[in-house]
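Asks: Below is the file run.csv, which contains CSV, C-alpha atoms and all ligand atoms.
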chain,number,residue,atom,x,y,z
X,109,MET,CA,9.2,-18.2,1.4
X,110,VAL,CA,9.5,-14.7,2.7
X,111,ALA,CA,7.0,-14.8,5.5
X,112,PRO,CA,7.1,-13.7,8.2
X,113,PHE,CA,8.4,-10.2,7.3
X,114,GLN,CA,8.6,-7.0,9.2
X,115,GLY,CA,8.5,-3.3,8.7
X,116,GLY,CA,7.8,0.1,10.2
X,117,CYS,CA,8.0,3.8,9.8
X,118,ALA,CA,11.0,6.0,9.2
X,119,CYS,CA,11.3,7.0,12.9
X,120,LYS,CA,10.8,3.5,14.2
X,121,ALA,CA,7.9,4.5,16.5
X,122,VAL,CA,5.7,2.1,14.6
X,123,ARG,CA,6.6,-1.5,13.8
X,124,TYR,CA,4.6,-4.4,12.4
X,125,GLU,CA,4.9,-8.0,11.3
X,126,VAL,CA,3.1,-10.0,8.6
X,127,SER,CA,2.9,-13.8,9.0
X,128,SER,CA,1.9,-14.8,5.4
X,129,GLU,CA,3.0,-14.2,1.9
X,130,PRO,CA,1.5,-11.2,0.1
X,131,VAL,CA,-1.6,-11.7,-2.0
X,132,ALA,CA,-0.5,-9.1,-4.5
X,133,PHE,CA,1.9,-6.2,-5.0
X,134,MET,CA,0.1,-3.4,-6.8
X,135,LEU,CA,1.4,-0.1,-8.1
X,136,CYS,CA,-1.6,2.3,-7.9
X,137,HIS,CA,-1.7,5.4,-10.0
X,138,CYS,CA,-5.0,6.7,-8.7
X,139,ARG,CA,-5.1,10.4,-8.0
X,140,ASP,CA,-5.5,9.8,-4.3
X,141,CYS,CA,-2.5,7.6,-4.1
X,142,GLN,CA,-0.4,10.2,-5.7
X,143,TYR,CA,-0.8,12.4,-2.7
X,144,VAL,CA,0.3,9.7,-0.4
X,145,SER,CA,3.3,8.6,-2.5
X,146,GLY,CA,4.5,12.2,-3.3
X,147,GLY,CA,3.6,11.8,-6.9
X,148,GLU,CA,4.6,8.4,-8.1
X,149,PRO,CA,2.2,5.4,-7.9
X,150,ALA,CA,1.7,4.1,-4.4
X,151,ALA,CA,3.5,0.7,-4.1
X,152,VAL,CA,1.0,-1.4,-2.1
X,153,VAL,CA,1.7,-4.8,-0.7
X,154,VAL,CA,-1.7,-6.6,-0.2
X,155,VAL,CA,-1.9,-9.2,2.6
X,156,PRO,CA,-4.7,-11.1,4.3
X,157,LYS,CA,-5.8,-8.9,7.2
X,158,PRO,CA,-5.5,-11.7,9.9
X,159,ALA,CA,-1.8,-12.1,8.9
X,160,PHE,CA,-1.0,-8.5,9.9
X,161,ARG,CA,0.0,-7.5,13.5
X,162,LEU,CA,1.0,-4.1,14.8
X,163,THR,CA,4.0,-4.9,17.2
X,164,LYS,CA,4.9,-1.4,18.3
X,165,GLY,CA,3.5,2.1,18.4
X,166,ALA,CA,0.2,3.6,17.2
X,167,VAL,CA,-1.0,5.2,14.0
X,168,LYS,CA,-3.2,8.1,13.1
X,169,SER,CA,-5.6,7.7,10.3
X,170,TYR,CA,-8.0,9.6,8.0
X,171,SER,CA,-10.6,8.3,5.5
X,172,VAL,CA,-11.1,9.3,1.9
X,173,LYS,CA,-13.5,8.2,-0.8
X,174,GLY,CA,-11.3,6.4,-3.3
X,175,ASP,CA,-11.8,6.7,-7.1
X,176,SER,CA,-13.5,3.3,-6.8
X,177,GLY,CA,-16.3,4.9,-4.7
X,178,ASN,CA,-15.3,2.9,-1.6
X,179,ALA,CA,-13.8,4.5,1.5
X,180,VAL,CA,-10.1,4.0,2.1
X,181,THR,CA,-8.8,4.6,5.6
X,182,ARG,CA,-5.2,5.6,5.4
X,183,GLN,CA,-2.9,5.1,8.4
X,184,PHE,CA,0.4,6.9,9.0
X,185,CYS,CA,2.9,7.4,11.8
X,186,ALA,CA,1.8,10.2,14.0
X,187,ASP,CA,5.4,11.2,14.7
X,188,CYS,CA,7.1,11.1,11.3
X,189,GLY,CA,4.2,10.9,8.9
X,190,THR,CA,5.4,7.9,7.0
X,191,PRO,CA,2.4,6.5,5.1
X,192,LEU,CA,2.0,2.9,6.3
X,193,PHE,CA,-1.4,1.1,5.9
X,194,SER,CA,-4.7,1.3,4.2
X,195,ALA,CA,-8.0,-0.4,5.3
X,196,LEU,CA,-10.1,-1.0,2.2
X,197,GLU,CA,-13.9,-0.7,2.7
X,198,GLY,CA,-14.4,-2.7,-0.6
X,199,ASN,CA,-12.1,-5.5,0.6
X,200,PRO,CA,-12.4,-5.8,4.4
X,201,GLY,CA,-10.5,-9.1,4.5
X,202,LEU,CA,-7.4,-7.5,3.0
X,203,TRP,CA,-4.8,-5.1,4.4
X,204,ALA,CA,-2.7,-2.8,2.3
X,205,ILE,CA,0.9,-1.9,3.4
X,206,LYS,CA,3.1,0.6,1.7
X,207,ALA,CA,6.0,-1.2,0.2
X,208,GLY,CA,8.6,1.4,1.3
X,209,SER,CA,7.9,0.6,4.9
X,210,LEU,CA,9.1,-3.0,4.7
X,211,ASP,CA,12.5,-3.6,6.2
X,212,ASP,CA,13.4,-5.2,2.9
X,213,PRO,CA,11.2,-4.4,0.0
X,214,SER,CA,13.6,-5.7,-2.6
X,215,TRP,CA,12.1,-9.2,-3.1
X,216,LEU,CA,8.7,-7.8,-4.2
X,217,LYS,CA,7.5,-8.5,-7.7
X,218,PRO,CA,4.8,-6.1,-9.1
X,219,THR,CA,1.6,-7.9,-10.0
X,220,ALA,CA,-0.1,-5.1,-11.8
X,221,PHE,CA,-0.6,-1.3,-12.2
X,222,LEU,CA,-3.9,0.1,-11.2
X,223,TRP,CA,-5.6,3.3,-12.4
X,224,LYS,CA,-3.5,3.7,-15.5
X,225,SER,CA,-6.2,6.2,-16.5
X,226,SER,CA,-5.1,8.6,-13.7
X,227,ALA,CA,-1.3,8.2,-14.2
X,228,GLN,CA,0.6,11.4,-14.8
X,229,PRO,CA,2.0,11.9,-18.3
X,230,TRP,CA,5.5,11.7,-16.9
X,231,ALA,CA,4.9,8.5,-15.0
X,232,HIS,CA,6.8,5.4,-16.3
X,233,LEU,CA,4.7,2.2,-16.7
X,234,ASP,CA,6.7,-0.9,-17.3
X,235,PRO,CA,5.1,-2.5,-20.4
X,236,ALA,CA,6.0,-5.9,-19.1
X,237,ILE,CA,3.5,-5.5,-16.2
X,238,HIS,CA,-0.2,-5.6,-16.8
X,239,ALA,CA,-1.9,-2.2,-16.4
X,240,PHE,CA,-5.6,-1.9,-15.5
X,241,ASP,CA,-7.3,1.3,-16.6
X,242,LYS,CA,-9.1,1.5,-13.3
X,243,GLN,CA,-9.1,-1.3,-10.7
X,244,PRO,CA,-10.3,-4.8,-11.3
X,245,MET,CA,-11.7,-5.6,-7.9
R,1,ZN,ZN,7.4,7.2,12.6
R,2,ZN,ZN,-4.7,4.2,-5.4
Please re-express this file's structure in structure tokens.
Replies:
Amino acid sequence: MVAPFQGGCACKAVRYEVSSEPVAFMLCHCRDCQYVSGGEPAAVVVVPKPAFRLTKGAVKSYSVKGDSGNAVTRQFCADCGTPLFSALEGNPGLWAIKAGSLDDPSWLKPTAFLWKSSAQPWAHLDPAIHAFDKQPM
């Protein structure tokens, strides 16, 4: 058991806690995630939304239409810009957290790659992990 687990942004203005185990840990290669990650796939910890609680600070957000056609509202620290969370219009019961913001992301085990079709030619995809061409949900 790893829950509850905590995390926050780089400048510590935003902190959060999650009270349940993740549903999945996805590495998303969609073009939109490449902007948020800096080029690599976005490492996304998916948790049930009710298990998530913001414990300190406030976030800024913006919405984009994802490659799936659904809106994704991306939230980040207004002070340091660390990408933190995504609200998924297509999956309102879930909450997506950037793995790098966990206090300890080392225990995460990738469930799958998403959007292999958009991965850059120089991206490394571990053949041991299932890769979806787009996204399965
Ligand atoms: Zn910050
Ligand atoms: Zn993505």
Asks: Need the shell around Ser169 in chain X: protein/DNA/RNA residues with any atom at most 8 Å away, counting only C-alpha atoms. Skip same-chain ones fewer than 2 positions apart. Format as a PDB file with C-alpha atoms, keeping the file's coordinate frame?
Replies:
ATOM      1  CA  VAL X 167      -1.000   5.200  14.000  1.00  0.00           C
ATOM      2  CA  SER X 171     -10.600   8.300   5.500  1.00  0.00           C
ATOM      3  CA  THR X 181      -8.800   4.600   5.600  1.00  0.00           C
ATOM      4  CA  ARG X 182      -5.200   5.600   5.400  1.00  0.00           C
ATOM      5  CA  GLN X 183      -2.900   5.100   8.400  1.00  0.00           C
ATOM      6  CA  PHE X 184       0.400   6.900   9.000  1.00  0.00           C
TER       7      PHE X 184
END
Asks: Looking at X:Cys185, X:Ala239, X:Leu202, X:Leu222, which one is nearest to ligand ZN 2 (chain R), with distances taken over all atoms listed in the file?
Replies: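 Closest residue, counting all atoms listed in the file: X:Leu222.
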Asks: Determine, using all atoms listed in the file, which residues of chain X have any atom at most 10 Å from an atom of ligand ZN 1 (chain R), and tabulate each with its shortest atom pair and distance in Å to one decimal place, rows ordered by chain and then rising number, as JSON lines.
Replies:
{"residue": "X:Gly116", "atom": "CA", "partner": "R:ZN1", "partner_atom": "ZN", "distance": 7.5}
{"residue": "X:Cys117", "atom": "CA", "partner": "R:ZN1", "partner_atom": "ZN", "distance": 4.4}
{"residue": "X:Ala118", "atom": "CA", "partner": "R:ZN1", "partner_atom": "ZN", "distance": 5.1}
{"residue": "X:Cys119", "atom": "CA", "partner": "R:ZN1", "partner_atom": "ZN", "distance": 3.9}
{"residue": "X:Lys120", "atom": "CA", "partner": "R:ZN1", "partner_atom": "ZN", "distance": 5.3}
{"residue": "X:Ala121", "atom": "CA", "partner": "R:ZN1", "partner_atom": "ZN", "distance": 4.8}
{"residue": "X:Val122", "atom": "CA", "partner": "R:ZN1", "partner_atom": "ZN", "distance": 5.7}
{"residue": "X:Arg123", "atom": "CA", "partner": "R:ZN1", "partner_atom": "ZN", "distance": 8.8}
{"residue": "X:Gly165", "atom": "CA", "partner": "R:ZN1", "partner_atom": "ZN", "distance": 8.7}
{"residue": "X:Ala166", "atom": "CA", "partner": "R:ZN1", "partner_atom": "ZN", "distance": 9.3}
{"residue": "X:Val167", "atom": "CA", "partner": "R:ZN1", "partner_atom": "ZN", "distance": 8.7}
{"residue": "X:Phe184", "atom": "CA", "partner": "R:ZN1", "partner_atom": "ZN", "distance": 7.9}
{"residue": "X:Cys185", "atom": "CA", "partner": "R:ZN1", "partner_atom": "ZN", "distance": 4.6}
{"residue": "X:Ala186", "atom": "CA", "partner": "R:ZN1", "partner_atom": "ZN", "distance": 6.5}
{"residue": "X:Asp187", "atom": "CA", "partner": "R:ZN1", "partner_atom": "ZN", "distance": 4.9}
{"residue": "X:Cys188", "atom": "CA", "partner": "R:ZN1", "partner_atom": "ZN", "distance": 4.1}
{"residue": "X:Gly189", "atom": "CA", "partner": "R:ZN1", "partner_atom": "ZN", "distance": 6.1}
{"residue": "X:Thr190", "atom": "CA", "partner": "R:ZN1", "partner_atom": "ZN", "distance": 6.0}
{"residue": "X:Pro191", "atom": "CA", "partner": "R:ZN1", "partner_atom": "ZN", "distance": 9.0}
{"residue": "X:Leu192", "atom": "CA", "partner": "R:ZN1", "partner_atom": "ZN", "distance": 9.3}
Asks: Show which residues sit within 8 Å of Phe113 in chain X, as a list in words. Count only C-alpha atoms, and ignore same-chain residues fewer than 5 positions away.
Replies: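 Selected residues are Glu125, Val126, Ser127, Leu210 and Asp211 of chain X.
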Asks: What's the separation between CA of Gln142 in chain X and CA of Ser226 in chain X, in Å to one decimal place?
Replies: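 Atom-to-atom, CA of Gln142 in chain X and CA of Ser226 in chain X are spaced 9.4 Å apart.
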Asks: Do you know which residues are within 10 Å of ligand ZN 2 (chain R) using all atoms listed in the file? Can you write them as a list in words?
Replies: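 The residues within 10 Å of ligand ZN 2 (chain R), counting all atoms listed in the file, are Met134, Leu135, Cys136, His137, Cys138, Arg139, Asp140, Cys141, Gln142, Tyr143, Val144, Ser145, Pro149, Ala150, Ala151, Val152, Gly174, Asp175, Ser176, Val180, Phe221, Leu222, Trp223, Ser226, Lys242 and Gln243 of chain X.
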Asks: Now that the selection is made, can you save its residues with C-alpha atoms as a CSV table (one decimal), keeping the file's coordinate frame?
Replies:
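Saved as part_4.csv:
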chain,number,residue,atom,x,y,z
X,134,MET,CA,0.1,-3.4,-6.8
X,135,LEU,CA,1.4,-0.1,-8.1
X,136,CYS,CA,-1.6,2.3,-7.9
X,137,HIS,CA,-1.7,5.4,-10.0
X,138,CYS,CA,-5.0,6.7,-8.7
X,139,ARG,CA,-5.1,10.4,-8.0
X,140,ASP,CA,-5.5,9.8,-4.3
X,141,CYS,CA,-2.5,7.6,-4.1
X,142,GLN,CA,-0.4,10.2,-5.7
X,143,TYR,CA,-0.8,12.4,-2.7
X,144,VAL,CA,0.3,9.7,-0.4
X,145,SER,CA,3.3,8.6,-2.5
X,149,PRO,CA,2.2,5.4,-7.9
X,150,ALA,CA,1.7,4.1,-4.4
X,151,ALA,CA,3.5,0.7,-4.1
X,152,VAL,CA,1.0,-1.4,-2.1
X,174,GLY,CA,-11.3,6.4,-3.3
X,175,ASP,CA,-11.8,6.7,-7.1
X,176,SER,CA,-13.5,3.3,-6.8
X,180,VAL,CA,-10.1,4.0,2.1
X,221,PHE,CA,-0.6,-1.3,-12.2
X,222,LEU,CA,-3.9,0.1,-11.2
X,223,TRP,CA,-5.6,3.3,-12.4
X,226,SER,CA,-5.1,8.6,-13.7
X,242,LYS,CA,-9.1,1.5,-13.3
X,243,GLN,CA,-9.1,-1.3,-10.7
Asks: Looking at X:Val154, X:Gly147, X:Pro130, X:Tyr124, which one is nearest to His232 in chain X, with distances taken over only C-alpha atoms?
Replies: X:Gly147
Asks: Have a look at X:Phe160, X:Trp230, X:Phe240, X:Phe133 and name the one nearest to Gln114 in chain X; count all atoms listed in the file.
Replies: X:Phe160
Asks: At what distance in Å, to one decimal, does CA of Pro158 in chain X lie from CA of Ile237 in chain X?
Replies: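 Here the two named atoms are 28.3 Å from each other.
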Asks: One number please: CA of Ala195 in chain X to CA of Arg161 in chain X, in Å, one decimal.
Replies: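 The value is 13.5 Å.
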Asks: Contacts of Glu129 in chain X at 10 Å or less, counting all atoms listed in the file, minus same-chain residues fewer than 4 places along, as a PyMOL selection string?
Replies: chain X and resi 109-113+153-156+159
Asks: How would the residues just picked look written out with C-alpha atoms as a PDB file, in the coordinates of the input?
Replies:
ATOM      1  CA  MET X 109       9.200 -18.200   1.400  1.00  0.00           C
ATOM      2  CA  VAL X 110       9.500 -14.700   2.700  1.00  0.00           C
ATOM      3  CA  ALA X 111       7.000 -14.800   5.500  1.00  0.00           C
ATOM      4  CA  PRO X 112       7.100 -13.700   8.200  1.00  0.00           C
ATOM      5  CA  PHE X 113       8.400 -10.200   7.300  1.00  0.00           C
ATOM      6  CA  VAL X 153       1.700  -4.800  -0.700  1.00  0.00           C
ATOM      7  CA  VAL X 154      -1.700  -6.600  -0.200  1.00  0.00           C
ATOM      8  CA  VAL X 155      -1.900  -9.200   2.600  1.00  0.00           C
ATOM      9  CA  PRO X 156      -4.700 -11.100   4.300  1.00  0.00           C
ATOM     10  CA  ALA X 159      -1.800 -12.100   8.900  1.00  0.00           C
TER      11      ALA X 159
END
Asks: Compile the contact shell of Ala179 in chain X as number ranges by chain: residues with an atom at most 12 Å away, counting all atoms listed in the file, same-chain residues fewer than 6 positions apart removed.
Replies: X: 140, 170-173, 194-200
Asks: Let me make sure I understand: among X:Ala132, X:Pro229, X:Lys168, X:Phe193, which one has the smallest atom-to-atom distance to Gly208 in chain X if we use all atoms listed in the file?
Replies: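 Checking each of X:Ala132, X:Pro229, X:Lys168, X:Phe193 against Gly208 in chain X, counting all atoms listed in the file, the winner is X:Phe193.
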Asks: Using all atoms listed in the file for the distances, tell me which of X:Glu148, X:Ser209, X:Gly177, X:Gly115 is nearest to Leu233 in chain X.
Replies: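 Of X:Glu148, X:Ser209, X:Gly177, X:Gly115, the one nearest Leu233 in chain X, counting all atoms listed in the file, is X:Glu148.
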